[in-house]
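As structure tokens, the structure follows; a few thoughts come after it.
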Amino acid sequence: MDIETIAKKLNLKVSSASDRLKNNVTGGYTGDLLSDVMANSHEGDLWITRQVHQNIVAVATLKEHAGIILVNSCEPAKDTLEKAIQEKVPILISDLPAFELTGAIYNLLGKKD
Amino acid sequence: MVAWNKLKITVHTAETENYLYTNSFDIEGGNFNKAGTIATGIKSILKELGLPNDVVRKSAIVSYEAEINIVSYARKGIVTLTVTSKNVEIDVTDEGPGIPDVELARKQGYSTANQQIREMGFGAGMGLYNIDCYSDKFDISSEVNKGTFLKIIINIP
Amino acid sequence: MKLREVKEILNADVIVGEEKLEMEVKTAFGADLMSDVLAFAKAGSLLLTGLTNTQVIRIANVLDIAAIILVRGKKPQTESLALAKELQIPILTTKYILFETAGRLYAKGIVGCLEQVEDHSAHS
């Protein structure tokens with residue numbers, strides 16, 4: 001499933017890299033502690049977080065995430081947005097809290113036991 | 001009655017003439033092990049006084065946020081809890097770096113937290129904003145290189 | 001659903017609160033940043049987190065959280081364990097990551113805490 005499909009279904013606002021919405025999403029990772037995300041997330045994950053500072057772009061780039069979704073309507077910081085545009089990392093925004101958004105995406109991706 | 005020795009806090013007992021309850025609690029800056037003990041203690045006290053649940057909850061939350069700020073940024077601080085029939089007042093005084101721009105600090109997302117603080121799960125820049133949201137009146141005054149004073153009031157319906 | 005069902009859905013171990021498995025829960029909040037928990041999490045909610053320090057327990061107490069679910073196989077630190085027992089806050093631990101934990105619970109009907117506490121920061 002690509003980001004565009006998920007964005008449409010869940011009413012996400014696209015903040016950066018709108019040309020990368022065809023990035024394929026193979027999984028998800030929800031977390032706000034950068035060291036944890038660095039250690040445990042995977043390439044192709046959609047990263048769900050409320051962290052808005054510019055380090056999130058570095059992490060998403062290093063881990064080759066499909067994109068970042070900010071929850072609770074959090075807006076990326078100005079320098080975060082600039083970096084995301086530069087590095088072509090899609091950042092999207094949801095007005096849902098992490099639990100709801102994660103649940104919705106998990107089930108969209110069709111994860112089973 | 002709350003077991004003070006179990007909570008391991010210093011209690012300065014004040015006059016109780018005009019109040020239902022009043023007490024002060026010391027907070028040590030940098031001591032993340034103890035951080036939150038005052039908030040938990042305040043919650044117990046207010047519950048025992050029979051205050052409505054949402055007043056207890058709001059008071060505990062603002063106390064917690066204030067306590068974490070002192071532990072995160074100040075050298076030390078004092079939280080004074082006063083309960084009247086009309087409201088709960090939580091006054092917080094600290095000795096520390098102070099806040100250069102109070103209006104900025106009150107905004108969501110503004111934080112001066114270092115990496116260590118962030119790794120513990122704090123520093124999202126919501127502390128003062130949360131206190132604002134949970135209280136009925138919230139005043140801050142601060143002096144750089146001296147400290148900060150918070151006056152937080154939660155009404156009892 | 002009952003906390004017992006949550007345990008089953010997540011293949012979780014009960015670290016504290018074996019006696020509280022009949023407790024009803026309806027909502028959950030997932031976060032590693034504690035200020036968000038304070039702003040959003042409802043009383044009686046589950047708290048899903050990877051943080052194991054004593055602050056999580058203190059916050060759970062302050063907010064009347066029903067139970068803490070530690071994800072990614074995390075176990076509470078020694079002091080956290082003692083505090084949770086003292087404050088009687090159940091802790092379960094699951095090997096699933098937060099993404100999967102939330103996903104599984106959501107699929108079974110647990111909902112998120114959707115409302116932020118009212119913003120009246122204009123007042124003084």
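Residue names in the structure tokens use chain letters A, B, ... in the order shown, residue numbers from 1 in each chain, and ligand numbers from 1 in the order shown.
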
Using only C-alpha atoms, which residues of chain C come within 12 Å of chain A, and what is the closest atom pair for each, with the distance in Å to one decimal? Give it as JSON lines, sorted by chain and residue number.
{"residue": "C:Ile9", "atom": "CA", "partner": "A:Asp113", "partner_atom": "CA", "distance": 10.0}
{"residue": "C:Leu10", "atom": "CA", "partner": "A:Asp113", "partner_atom": "CA", "distance": 10.5}
{"residue": "C:Asn11", "atom": "CA", "partner": "A:Asp113", "partner_atom": "CA", "distance": 11.2}
{"residue": "C:Thr27", "atom": "CA", "partner": "A:Phe99", "partner_atom": "CA", "distance": 9.3}
{"residue": "C:Ala28", "atom": "CA", "partner": "A:Phe99", "partner_atom": "CA", "distance": 6.8}
{"residue": "C:Phe29", "atom": "CA", "partner": "A:Phe99", "partner_atom": "CA", "distance": 5.7}
{"residue": "C:Gly30", "atom": "CA", "partner": "A:Phe99", "partner_atom": "CA", "distance": 5.4}
{"residue": "C:Ala31", "atom": "CA", "partner": "A:Gly31", "partner_atom": "CA", "distance": 6.8}
{"residue": "C:Asp32", "atom": "CA", "partner": "A:Asp32", "partner_atom": "CA", "distance": 5.4}
{"residue": "C:Leu33", "atom": "CA", "partner": "A:Asp32", "partner_atom": "CA", "distance": 6.5}
{"residue": "C:Met34", "atom": "CA", "partner": "A:Asp32", "partner_atom": "CA", "distance": 10.2}
{"residue": "C:Ser35", "atom": "CA", "partner": "A:Arg50", "partner_atom": "CA", "distance": 11.1}
{"residue": "C:Asp36", "atom": "CA", "partner": "A:Arg50", "partner_atom": "CA", "distance": 8.9}
{"residue": "C:Val37", "atom": "CA", "partner": "A:Pro97", "partner_atom": "CA", "distance": 10.4}
{"residue": "C:Ala39", "atom": "CA", "partner": "A:Asn72", "partner_atom": "CA", "distance": 10.8}
{"residue": "C:Phe40", "atom": "CA", "partner": "A:Pro97", "partner_atom": "CA", "distance": 8.6}
{"residue": "C:Ala41", "atom": "CA", "partner": "A:Pro97", "partner_atom": "CA", "distance": 10.0}
{"residue": "C:Ser45", "atom": "CA", "partner": "A:Phe99", "partner_atom": "CA", "distance": 11.6}
{"residue": "C:Leu46", "atom": "CA", "partner": "A:Phe99", "partner_atom": "CA", "distance": 10.5}
{"residue": "C:Leu47", "atom": "CA", "partner": "A:Phe99", "partner_atom": "CA", "distance": 9.9}
{"residue": "C:Leu48", "atom": "CA", "partner": "A:Phe99", "partner_atom": "CA", "distance": 8.7}
{"residue": "C:Thr49", "atom": "CA", "partner": "A:Gly31", "partner_atom": "CA", "distance": 8.6}
{"residue": "C:Gly50", "atom": "CA", "partner": "A:Gly31", "partner_atom": "CA", "distance": 8.4}
{"residue": "C:Leu51", "atom": "CA", "partner": "A:Leu33", "partner_atom": "CA", "distance": 9.2}
{"residue": "C:Val71", "atom": "CA", "partner": "A:Gly31", "partner_atom": "CA", "distance": 10.7}
{"residue": "C:Arg72", "atom": "CA", "partner": "A:Asn40", "partner_atom": "CA", "distance": 9.2}
{"residue": "C:Lys74", "atom": "CA", "partner": "A:Asp36", "partner_atom": "CA", "distance": 11.8}
{"residue": "C:Tyr96", "atom": "CA", "partner": "A:Tyr29", "partner_atom": "CA", "distance": 11.2}
{"residue": "C:Ile97", "atom": "CA", "partner": "A:Tyr29", "partner_atom": "CA", "distance": 7.8}
{"residue": "C:Leu98", "atom": "CA", "partner": "A:Thr30", "partner_atom": "CA", "distance": 5.8}
{"residue": "C:Phe99", "atom": "CA", "partner": "A:Thr30", "partner_atom": "CA", "distance": 5.1}
{"residue": "C:Glu100", "atom": "CA", "partner": "A:Tyr106", "partner_atom": "CA", "distance": 7.0}
{"residue": "C:Thr101", "atom": "CA", "partner": "A:Gly103", "partner_atom": "CA", "distance": 8.6}
{"residue": "C:Ala102", "atom": "CA", "partner": "A:Gly103", "partner_atom": "CA", "distance": 5.4}
{"residue": "C:Gly103", "atom": "CA", "partner": "A:Gly103", "partner_atom": "CA", "distance": 4.0}
{"residue": "C:Arg104", "atom": "CA", "partner": "A:Gly103", "partner_atom": "CA", "distance": 7.2}
{"residue": "C:Leu105", "atom": "CA", "partner": "A:Gly103", "partner_atom": "CA", "distance": 7.5}
{"residue": "C:Tyr106", "atom": "CA", "partner": "A:Gly103", "partner_atom": "CA", "distance": 5.0}
{"residue": "C:Ala107", "atom": "CA", "partner": "A:Gly103", "partner_atom": "CA", "distance": 6.9}
{"residue": "C:Lys108", "atom": "CA", "partner": "A:Gly103", "partner_atom": "CA", "distance": 9.9}
{"residue": "C:Gly109", "atom": "CA", "partner": "A:Gly103", "partner_atom": "CA", "distance": 9.9}
{"residue": "C:Ile110", "atom": "CA", "partner": "A:Glu100", "partner_atom": "CA", "distance": 9.0}
{"residue": "C:Val111", "atom": "CA", "partner": "A:Glu100", "partner_atom": "CA", "distance": 6.5}
{"residue": "C:Gly112", "atom": "CA", "partner": "A:Glu100", "partner_atom": "CA", "distance": 5.1}
{"residue": "C:Cys113", "atom": "CA", "partner": "A:Pro97", "partner_atom": "CA", "distance": 7.1}
{"residue": "C:Leu114", "atom": "CA", "partner": "A:Pro97", "partner_atom": "CA", "distance": 6.4}
{"residue": "C:Glu115", "atom": "CA", "partner": "A:Pro97", "partner_atom": "CA", "distance": 8.9}
{"residue": "C:Gln116", "atom": "CA", "partner": "A:Asn72", "partner_atom": "CA", "distance": 8.8}

Deliver the residues from the most recent selection as a file, using C-alpha atoms, as an mmCIF file, in the first residue's frame.
data_model
loop_
_atom_site.group_PDB
_atom_site.id
_atom_site.type_symbol
_atom_site.label_atom_id
_atom_site.label_comp_id
_atom_site.auth_asym_id
_atom_site.auth_seq_id
_atom_site.Cartn_x
_atom_site.Cartn_y
_atom_site.Cartn_z
ATOM 1 C CA ILE C 9 -5.017 -10.303 22.906
ATOM 2 C CA LEU C 10 -1.478 -9.148 23.598
ATOM 3 C CA ASN C 11 -0.130 -12.504 24.859
ATOM 4 C CA THR C 27 -9.864 3.456 25.989
ATOM 5 C CA ALA C 28 -6.119 3.509 25.473
ATOM 6 C CA PHE C 29 -3.371 6.038 25.036
ATOM 7 C CA GLY C 30 0.010 5.249 23.506
ATOM 8 C CA ALA C 31 2.969 7.503 24.108
ATOM 9 C CA ASP C 32 6.578 7.814 25.110
ATOM 10 C CA LEU C 33 6.218 11.504 25.875
ATOM 11 C CA MET C 34 4.677 12.034 29.248
ATOM 12 C CA SER C 35 3.292 15.517 28.702
ATOM 13 C CA ASP C 36 0.989 14.216 26.015
ATOM 14 C CA VAL C 37 -0.298 11.603 28.382
ATOM 15 C CA ALA C 39 -2.877 16.394 28.273
ATOM 16 C CA PHE C 40 -4.994 13.677 26.731
ATOM 17 C CA ALA C 41 -5.249 10.430 28.620
ATOM 18 C CA SER C 45 -7.628 4.359 30.258
ATOM 19 C CA LEU C 46 -4.875 1.899 29.382
ATOM 20 C CA LEU C 47 -1.436 3.464 28.968
ATOM 21 C CA LEU C 48 0.728 1.844 26.311
ATOM 22 C CA THR C 49 4.381 2.795 26.537
ATOM 23 C CA GLY C 50 7.975 1.637 26.263
ATOM 24 C CA LEU C 51 9.103 3.783 29.168
ATOM 25 C CA VAL C 71 5.545 -2.825 24.967
ATOM 26 C CA ARG C 72 8.575 -4.271 23.186
ATOM 27 C CA LYS C 74 10.065 -4.115 28.418
ATOM 28 C CA TYR C 96 4.701 -6.648 20.575
ATOM 29 C CA ILE C 97 5.851 -3.210 19.519
ATOM 30 C CA LEU C 98 3.574 -0.231 20.181
ATOM 31 C CA PHE C 99 2.400 -0.250 16.566
ATOM 32 C CA GLU C 100 1.246 -3.842 16.808
ATOM 33 C CA THR C 101 -0.097 -3.516 20.367
ATOM 34 C CA ALA C 102 -2.283 -0.554 19.437
ATOM 35 C CA GLY C 103 -3.310 -2.257 16.218
ATOM 36 C CA ARG C 104 -4.467 -5.422 17.949
ATOM 37 C CA LEU C 105 -6.405 -3.604 20.672
ATOM 38 C CA TYR C 106 -7.999 -1.238 18.161
ATOM 39 C CA ALA C 107 -9.164 -4.169 16.067
ATOM 40 C CA LYS C 108 -10.925 -5.563 19.129
ATOM 41 C CA GLY C 109 -12.773 -2.376 19.943
ATOM 42 C CA ILE C 110 -10.561 -0.340 22.260
ATOM 43 C CA VAL C 111 -10.719 3.328 21.256
ATOM 44 C CA GLY C 112 -8.318 6.243 21.657
ATOM 45 C CA CYS C 113 -8.669 9.259 23.936
ATOM 46 C CA LEU C 114 -9.785 11.739 21.363
ATOM 47 C CA GLU C 115 -10.335 14.920 23.279
ATOM 48 C CA GLN C 116 -7.613 17.188 24.516
#

- Message: Using only C-alpha atoms, which protein or nucleic acid residues come within 6 Å of region 94-107 of chain B? Drop anything in the same chain fewer than 6 positions from it, and give the result as a list in words.
- Response: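 Here the qualifying residues turn out to be Ala74, Arg75, Lys76, Gly77, Leu128, Tyr129, Ser142, Glu143, Val144, Asn145, Lys146, Gly147 and Thr148 of chain B.
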
Any chance you can output those residues with N, CA and C atoms as a JSON list (two decimals), in the first residue's frame?
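To be explicit, this is the file written out as result-v7.json:
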[["chain", "number", "residue", "atom", "x", "y", "z"],
["B", 74, "ALA", "N", 15.49, 23.52, 37.75],
["B", 74, "ALA", "CA", 15.88, 24.39, 38.86],
["B", 74, "ALA", "C", 16.85, 23.70, 39.81],
["B", 75, "ARG", "N", 17.40, 24.49, 40.72],
["B", 75, "ARG", "CA", 18.27, 23.91, 41.76],
["B", 75, "ARG", "C", 17.40, 23.31, 42.86],
["B", 76, "LYS", "N", 16.35, 24.02, 43.23],
["B", 76, "LYS", "CA", 15.41, 23.50, 44.21],
["B", 76, "LYS", "C", 14.13, 24.31, 44.16],
["B", 77, "GLY", "N", 13.10, 23.82, 44.83],
["B", 77, "GLY", "CA", 11.84, 24.55, 44.82],
["B", 77, "GLY", "C", 10.95, 24.16, 45.98],
["B", 128, "LEU", "N", 3.92, 23.93, 30.86],
["B", 128, "LEU", "CA", 3.19, 25.14, 31.29],
["B", 128, "LEU", "C", 1.84, 25.23, 30.59],
["B", 129, "TYR", "N", 1.80, 24.79, 29.35],
["B", 129, "TYR", "CA", 0.55, 24.79, 28.60],
["B", 129, "TYR", "C", -0.48, 23.87, 29.26],
["B", 142, "SER", "N", 8.84, 35.55, 36.68],
["B", 142, "SER", "CA", 10.16, 34.93, 36.67],
["B", 142, "SER", "C", 11.25, 35.96, 36.51],
["B", 143, "GLU", "N", 12.41, 35.66, 37.08],
["B", 143, "GLU", "CA", 13.56, 36.53, 36.93],
["B", 143, "GLU", "C", 14.75, 35.69, 36.52],
["B", 144, "VAL", "N", 15.37, 36.05, 35.43],
["B", 144, "VAL", "CA", 16.50, 35.27, 34.91],
["B", 144, "VAL", "C", 17.61, 35.21, 35.95],
["B", 145, "ASN", "N", 18.18, 34.04, 36.11],
["B", 145, "ASN", "CA", 19.24, 33.77, 37.09],
["B", 145, "ASN", "C", 18.79, 33.81, 38.54],
["B", 146, "LYS", "N", 17.49, 33.99, 38.75],
["B", 146, "LYS", "CA", 17.01, 33.92, 40.14],
["B", 146, "LYS", "C", 16.03, 32.76, 40.32],
["B", 147, "GLY", "N", 14.90, 32.82, 39.58],
["B", 147, "GLY", "CA", 13.94, 31.73, 39.73],
["B", 147, "GLY", "C", 12.58, 32.10, 39.19],
["B", 148, "THR", "N", 11.64, 31.23, 39.47],
["B", 148, "THR", "CA", 10.30, 31.37, 38.90],
["B", 148, "THR", "C", 9.24, 31.13, 39.97]]

- Query: Hey, can you check how far CA of Met126 (chain B) sits from CA of Ile68 (chain B)?
  - Reply: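 These atoms are spaced 11.5 Å apart.
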
- Message: Contacts from chain B to chain C, 8 Å maximum, only C-alpha atoms: show me the residue list as a list in words.
- Response: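 Every residue of chain B that passes the 8 Å test is in Asn33, Ala35, Gly36, Thr37, Ala39, Thr40, Lys43, Arg57, Ala60, Ile61, Tyr64, Met120, Gly121, Phe122, Gly123, Ala124, Gly125, Met126, Gly127, Tyr129, Asn130, Asp132, Cys133, Tyr134, Lys137, Phe138 and Asp139 of chain B.
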
Go ahead and save the picked residues with C-alpha atoms, as a PDB file, in the first residue's frame.
ATOM      1  CA  ASN B  33      14.009   9.406  41.282  1.00  0.00           C
ATOM      2  CA  ALA B  35      10.115  13.481  40.990  1.00  0.00           C
ATOM      3  CA  GLY B  36       6.378  13.027  41.213  1.00  0.00           C
ATOM      4  CA  THR B  37       6.251  12.166  44.897  1.00  0.00           C
ATOM      5  CA  ALA B  39       2.084  15.279  43.106  1.00  0.00           C
ATOM      6  CA  THR B  40       1.152  11.811  44.312  1.00  0.00           C
ATOM      7  CA  LYS B  43      -3.501  13.733  45.234  1.00  0.00           C
ATOM      8  CA  ARG B  57      -7.226  15.049  39.200  1.00  0.00           C
ATOM      9  CA  ALA B  60      -2.513  16.354  40.772  1.00  0.00           C
ATOM     10  CA  ILE B  61      -1.727  17.026  37.124  1.00  0.00           C
ATOM     11  CA  TYR B  64       3.080  17.007  38.648  1.00  0.00           C
ATOM     12  CA  MET B 120      13.099  10.099  29.933  1.00  0.00           C
ATOM     13  CA  GLY B 121       9.963  11.069  28.080  1.00  0.00           C
ATOM     14  CA  PHE B 122       9.818  14.748  28.962  1.00  0.00           C
ATOM     15  CA  GLY B 123      10.590  17.952  27.179  1.00  0.00           C
ATOM     16  CA  ALA B 124       7.736  17.977  24.710  1.00  0.00           C
ATOM     17  CA  GLY B 125       7.113  21.590  25.706  1.00  0.00           C
ATOM     18  CA  MET B 126       3.653  20.958  27.067  1.00  0.00           C
ATOM     19  CA  GLY B 127       4.266  21.536  30.791  1.00  0.00           C
ATOM     20  CA  TYR B 129       0.551  24.787  28.598  1.00  0.00           C
ATOM     21  CA  ASN B 130      -0.929  21.787  30.404  1.00  0.00           C
ATOM     22  CA  ASP B 132      -2.884  26.459  31.847  1.00  0.00           C
ATOM     23  CA  CYS B 133      -5.411  24.007  30.460  1.00  0.00           C
ATOM     24  CA  TYR B 134      -6.105  22.299  33.763  1.00  0.00           C
ATOM     25  CA  LYS B 137      -6.196  30.842  37.018  1.00  0.00           C
ATOM     26  CA  PHE B 138      -2.487  30.604  36.260  1.00  0.00           C
ATOM     27  CA  ASP B 139       0.052  33.367  36.828  1.00  0.00           C
TER      28      ASP B 139
END

- Task: Can you list, as a list of chain:residue names, all residues belonging to region 14-110 of chain C that DSSP tags as strand (DSSP E or B)?
- Result: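 The residues of region 14-110 of chain C classed as strand (DSSP E or B) are C:Val14, C:Ile15, C:Val16, C:Glu24, C:Thr27, C:Ala28, C:Phe29, C:Gly30, C:Leu46, C:Leu47, C:Leu48, C:Thr49, C:Ala67, C:Ile68, C:Ile69, C:Leu70, C:Ile91, C:Leu92, C:Thr93.
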
Write the selection just made, keeping N, CA and C atoms, as a PDB file, in the first residue's frame?
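Dumped everything to again.pdb:
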ATOM      1  N   VAL C  14       1.404 -10.690  33.255  1.00  0.00           N
ATOM      2  CA  VAL C  14       0.977  -9.748  34.286  1.00  0.00           C
ATOM      3  C   VAL C  14       2.109  -9.624  35.310  1.00  0.00           C
ATOM      4  N   ILE C  15       2.647  -8.419  35.432  1.00  0.00           N
ATOM      5  CA  ILE C  15       3.756  -8.212  36.374  1.00  0.00           C
ATOM      6  C   ILE C  15       3.198  -7.741  37.722  1.00  0.00           C
ATOM      7  N   VAL C  16       2.204  -6.863  37.659  1.00  0.00           N
ATOM      8  CA  VAL C  16       1.528  -6.379  38.871  1.00  0.00           C
ATOM      9  C   VAL C  16       0.036  -6.403  38.591  1.00  0.00           C
ATOM     10  N   GLU C  24     -12.789  -3.368  33.895  1.00  0.00           N
ATOM     11  CA  GLU C  24     -13.245  -3.002  32.554  1.00  0.00           C
ATOM     12  C   GLU C  24     -12.422  -1.846  31.995  1.00  0.00           C
ATOM     13  N   THR C  27     -10.700   2.541  26.754  1.00  0.00           N
ATOM     14  CA  THR C  27      -9.864   3.456  25.989  1.00  0.00           C
ATOM     15  C   THR C  27      -8.389   3.182  26.247  1.00  0.00           C
ATOM     16  N   ALA C  28      -7.564   3.688  25.320  1.00  0.00           N
ATOM     17  CA  ALA C  28      -6.119   3.509  25.473  1.00  0.00           C
ATOM     18  C   ALA C  28      -5.391   4.730  24.955  1.00  0.00           C
ATOM     19  N   PHE C  29      -4.219   4.960  25.498  1.00  0.00           N
ATOM     20  CA  PHE C  29      -3.371   6.038  25.036  1.00  0.00           C
ATOM     21  C   PHE C  29      -1.966   5.504  24.898  1.00  0.00           C
ATOM     22  N   GLY C  30      -1.342   5.751  23.750  1.00  0.00           N
ATOM     23  CA  GLY C  30       0.010   5.249  23.506  1.00  0.00           C
ATOM     24  C   GLY C  30       0.972   6.402  23.413  1.00  0.00           C
ATOM     25  N   LEU C  46      -6.119   2.665  29.383  1.00  0.00           N
ATOM     26  CA  LEU C  46      -4.875   1.899  29.382  1.00  0.00           C
ATOM     27  C   LEU C  46      -3.774   2.841  28.922  1.00  0.00           C
ATOM     28  N   LEU C  47      -2.574   2.690  29.452  1.00  0.00           N
ATOM     29  CA  LEU C  47      -1.436   3.464  28.968  1.00  0.00           C
ATOM     30  C   LEU C  47      -0.447   2.502  28.333  1.00  0.00           C
ATOM     31  N   LEU C  48      -0.201   2.691  27.048  1.00  0.00           N
ATOM     32  CA  LEU C  48       0.728   1.844  26.311  1.00  0.00           C
ATOM     33  C   LEU C  48       2.028   2.610  26.151  1.00  0.00           C
ATOM     34  N   THR C  49       3.132   2.063  26.626  1.00  0.00           N
ATOM     35  CA  THR C  49       4.381   2.795  26.537  1.00  0.00           C
ATOM     36  C   THR C  49       5.583   1.866  26.596  1.00  0.00           C
ATOM     37  N   ALA C  67      -4.406   0.695  33.774  1.00  0.00           N
ATOM     38  CA  ALA C  67      -3.282  -0.245  33.760  1.00  0.00           C
ATOM     39  C   ALA C  67      -2.237   0.238  32.772  1.00  0.00           C
ATOM     40  N   ILE C  68      -0.988  -0.114  33.051  1.00  0.00           N
ATOM     41  CA  ILE C  68       0.112   0.215  32.147  1.00  0.00           C
ATOM     42  C   ILE C  68       0.454  -1.023  31.340  1.00  0.00           C
ATOM     43  N   ILE C  69       0.549  -0.855  30.013  1.00  0.00           N
ATOM     44  CA  ILE C  69       0.990  -1.961  29.160  1.00  0.00           C
ATOM     45  C   ILE C  69       2.379  -1.595  28.646  1.00  0.00           C
ATOM     46  N   LEU C  70       3.374  -2.315  29.066  1.00  0.00           N
ATOM     47  CA  LEU C  70       4.734  -2.067  28.583  1.00  0.00           C
ATOM     48  C   LEU C  70       4.932  -2.862  27.299  1.00  0.00           C
ATOM     49  N   ILE C  91       0.489  -3.626  35.961  1.00  0.00           N
ATOM     50  CA  ILE C  91       1.424  -3.531  34.826  1.00  0.00           C
ATOM     51  C   ILE C  91       1.415  -4.860  34.083  1.00  0.00           C
ATOM     52  N   LEU C  92       1.185  -4.779  32.769  1.00  0.00           N
ATOM     53  CA  LEU C  92       1.305  -5.960  31.915  1.00  0.00           C
ATOM     54  C   LEU C  92       2.434  -5.681  30.939  1.00  0.00           C
ATOM     55  N   THR C  93       3.076  -6.747  30.467  1.00  0.00           N
ATOM     56  CA  THR C  93       4.114  -6.553  29.482  1.00  0.00           C
ATOM     57  C   THR C  93       3.874  -7.461  28.278  1.00  0.00           C
TER      58      THR C  93
END

- Task: Please provide as a list in words all residues within 6 Å of Asp91 (chain B), with the sequence filter that same-chain residues fewer than 2 positions apart are discarded (counting only C-alpha atoms).
- Result: Val79, Thr80, Leu150 and Lys151 of chain B

How would the residues just picked look written out with C-alpha atoms as a PDB file, in the first residue's frame?
ATOM      1  CA  VAL B  79       5.297  23.717  46.448  1.00  0.00           C
ATOM      2  CA  THR B  80       2.685  25.149  48.818  1.00  0.00           C
ATOM      3  CA  LEU B 150       3.795  30.010  39.707  1.00  0.00           C
ATOM      4  CA  LYS B 151       0.382  30.652  41.221  1.00  0.00           C
TER       5      LYS B 151
END

- Name the residues of chain C that come out as alpha helix (DSSP H) in a backbone DSSP run; write them as a PyMOL selection string. chain C and resi 3-9+34-40+54-63+78-87+98-107

- Task: Pick out the closest residue to Cys74 (chain A) from this set: A:Thr61, A:Ser94, A:Asn55, A:Ser15. Count only C-alpha atoms.
- Result: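 Closest to Cys74 (chain A) of all the choices is A:Ser94.
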
- Task: Work out how far CA of Ile68 (chain A) is from CA of Ile56 (chain A), in Å to one decimal.
- Result: 8.3 Å
